[in-house]
Amino acid sequence: MASSVVDNKSPVLRTLSTLFIIVWLIIAAFPFLWTFWGSFKVELDFFSKENWTNAIVGVRTVTETGGPFTGNGYDGAWVQEEFWRAVLNTSIVCFFVVCTSLTIGTLGGYALSRSGFRYAFWLLIIALIFRAMPPITLVAGYLLPFFEWGLWGHLSTTIIVLVAINQPFTLWMLHSFFQKIPKDLDESAMVDGCTSFQAFRYVIIPVMWPGVITTGLFSFLLAYNDFAVTAMLLSKENQTMVPKIASFLGTTQTEGNVMFAVASVVSATAPLFVLVMFFQRQIVSGLTAGAVKG
Amino acid sequence: MKHRTFFWFFLPTALAMLLFIFLPIVSVVTQSLFVDHQQVFREVENCDIFGCKNEMMIDNEATEALREAQPLGRFAGLSTYFNRSHLATTEVGQAWSGSQGWGEFLGLLINLPFYKALIFTLTFTFTVTPLLIVLGFVIAIAVNALNQKLKGVVIFFSLLPMIVTPLVGSLILFWMIDSRGIIGNTLQYLFANPDLSLKASTGLTWVMLIVYGVWHAAPFAFVVFYAGLQTLPQDTLESAMIDGATRWQRIRYVVIPHIMPLVTFVALIQLMDNFRVFEPIVGFNAEAHATSLSWIIYNDLGGETRLLSSAATTSVLTIIGVAILLSPVLVRTWRDWNRKV
């Protein structure tokens, strides 16, 4: 708080606040660090009954594999259990979900922000209701028709479903971004003789990218993190990462297989780390976009 | 914008939502009114040395044919809603008349699958939401007092629990609280009880899930409140200081009123999101002690026999629950819009 009045913060309070931040950082980040470190150990070290320091130094990892670190978990997950296939599927799903939902979302969001009619409000309200519904409640509705028409199990079906589930949120977010772009901009283009679409194409598209990128990030996260829809709508060979990880859990009775799950969990978290590192500002602005406006 | 232009701009997104959100809802409601076909029986005459008898046999072919012809099943009206796996009206009635007090009644109620899930879902929603708001607020205040260089790093690490896939996040915590994991081990040591297992008791499982819920969602509240603190009116704060307000009084009378709209926003978003709690139950392998409405639907849909109509019924009941939770938001948005126009 930079202010001209002297802010006489007592040293006790300052220490307490710093201490609190440190504790919070440990709570927030330590689990990731621990799991990352442990993913290079054998199961009996990561889950050690004898001594918790085994997970750090890797006593059994040394006796079993000869070195303090082992890539066995990663090898088992990526090669033996073909986790790479799930990674590939997730990439395909995420890419197409983000592209499609941004394309149709920008058109819809722009239209909503420029229409002063009452039905625009009702459409937003309907979108809000759709946004509030847990995706799993819709899955029961998909299964029967998809089975009947032979659509079940394909990546393309899941992509379209995820795009649709994503739309309400995308619409709300882009709607509020477009409202911040002054109306005069496209209106004057139309006065100069542009059609609505030309005005959108030549005036709005060049200035909309910050909002679109932020919305795209959240679409990506939704597609990447989804479990309910992908677990139910994809056949075994088309599984994406999250249901694949869940399927590891059922088969972890044999010793060592738990480490496959640990390794794949770390593999699935890594891209998110990179994402937050590069797009922290956009994520923060996206989270607050809806809030600060209301 | 003209109606015509609006229509063409909005058509693709409207089609997507109509086909894959609205129609599935219709389909879910319809399916909840039907149940699976019963098996078709056929009378066959079975003759042996003792004479002939008429026997009932399951006619697999006819059953298949019937299922082919009418995949929805047979019409059952609202009966699925009131059976034992859902609203269980008969059982609730018996429990009500048979029990002496509220405690006993709740004890009987929690044995019914739907109410068990409902009680956990509501407990989760209404404990996690206030806790995460308080935690998020305290983090925001503390981070705001840090110097500029540290803020970025702290925000980076704070975002992680929220960004990470819910199933992955719950697995990471689950492995740590395993009795052989680091937190589980520490707790055993602290309570000097080598048999302590968070997974074995219902109460501890609930606590564990709630802790996960707060851990996962507090960053969201933190980021929103932190953004709110950046727009804090400095003049008001300074005049409060000149008037001799203590730090606590400044927070109580300047900061909190300023971010109150944000608190409502976070509360409403989080009520909606916590009500759908699902992944942590799978991740923590907690279904023996805690189930949620979403989890029951998932459980009905998975497995060998897909119980479509049962899942559909729970879905409809869940949607009704969401609608009740959402009604304050709708009223608020309605008022906002009217103020603007």
# chains A, B, ... in the order shown; residues from 1 in each chain; ligands from 1
call {"tool": "interface_residues", "arguments": {"of": "chain A", "to": "chain B", "cutoff": "7 Å", "atoms": "only C-alpha atoms", "output": "number ranges by chain"}}
result
A: 1, 5, 17, 21, 25, 28-29, 31, 35, 47-49, 52, 104-105, 107-108, 111, 114-115, 132-134, 136-138, 140-142, 161, 164-165, 167, 225, 265, 269, 272, 276-277, 280, 284, 287-288, 291
call {"tool": "atom_distance", "arguments": {"atom1": "atom CA of Leu143 of chain A", "atom2": "atom CA of Ile126 of chain A"}}
result
23.5 Å
call {"tool": "residues_around", "arguments": {"residues": "Asp45 of chain A", "least_positions_apart": "4", "cutoff": "10 Å", "atoms": "only C-alpha atoms", "output": "ChimeraX atom specification"}}
result
/A:38-41,49-62 /B:180-181
call {"tool": "residues_around", "arguments": {"residues": "Thr106 of chain A", "least_positions_apart": "5", "cutoff": "12 Å", "atoms": "only C-alpha atoms", "output": "ChimeraX atom specification"}}
result
/A:98-101,111-113,167-178,200-201,204-205,208-209,211-213,215-216 /B:9-13
call {"tool": "closest_residue", "arguments": {"among": "B:Ile58, B:Arg339, B:Asn111, B:Phe191", "to": "Ala288 of chain B", "atoms": "only C-alpha atoms"}}
result
B:Asn111
call {"tool": "select_by_dssp", "arguments": {"residues": "segment 57-237 of chain A", "states": "helix (DSSP H, G or I)", "output": "MDAnalysis selection string"}}
result
chainID A and resid 57 59:65 72:80 83:114 118:132 136:148 155:180 183:191 196:207 209:225 228:233 236:237
call {"tool": "atom_distance", "arguments": {"atom1": "atom CA of Val134 of chain B", "atom2": "atom CA of Val214 of chain B"}}
result
10.0 Å
call {"tool": "atom_distance", "arguments": {"atom1": "atom CA of Glu43 of chain B", "atom2": "atom CA of Met56 of chain B"}}
result
4.7 Å
call {"tool": "residues_around", "arguments": {"residues": "Ile92 of chain A", "least_positions_apart": "2", "cutoff": "12 Å", "atoms": "only C-alpha atoms", "output": "ChimeraX atom specification"}}
result
/A:85-90,94-99,154-156,158-159,220,223-224,238-241
call {"tool": "write_last_selection", "arguments": {"atoms": "C-alpha atoms", "output": "CSV table (one decimal), in the first residue's frame"}}
result
chain,number,residue,atom,x,y,z
A,85,ARG,CA,-1.6,-42.1,-27.2
A,86,ALA,CA,-3.6,-40.3,-24.5
A,87,VAL,CA,-1.4,-37.3,-24.7
A,88,LEU,CA,-1.9,-37.2,-28.5
A,89,ASN,CA,-5.7,-37.5,-28.0
A,90,THR,CA,-5.7,-34.7,-25.5
A,94,CYS,CA,-7.8,-29.4,-26.9
A,95,PHE,CA,-6.7,-27.9,-30.2
A,96,PHE,CA,-10.0,-28.4,-31.9
A,97,VAL,CA,-12.1,-27.4,-28.9
A,98,VAL,CA,-10.3,-24.1,-28.5
A,99,CYS,CA,-10.4,-23.3,-32.2
A,154,HIS,CA,-15.1,-40.9,-31.4
A,155,LEU,CA,-12.9,-38.0,-30.7
A,156,SER,CA,-14.9,-35.8,-33.0
A,158,THR,CA,-16.4,-35.5,-27.8
A,159,ILE,CA,-14.9,-32.4,-29.3
A,220,PHE,CA,-8.2,-25.0,-23.1
A,223,ALA,CA,-11.1,-29.3,-22.3
A,224,TYR,CA,-7.8,-30.3,-20.8
A,238,ASN,CA,-9.5,-42.8,-27.9
A,239,GLN,CA,-9.1,-42.0,-24.2
A,240,THR,CA,-7.6,-38.7,-23.2
A,241,MET,CA,-5.1,-38.2,-20.4
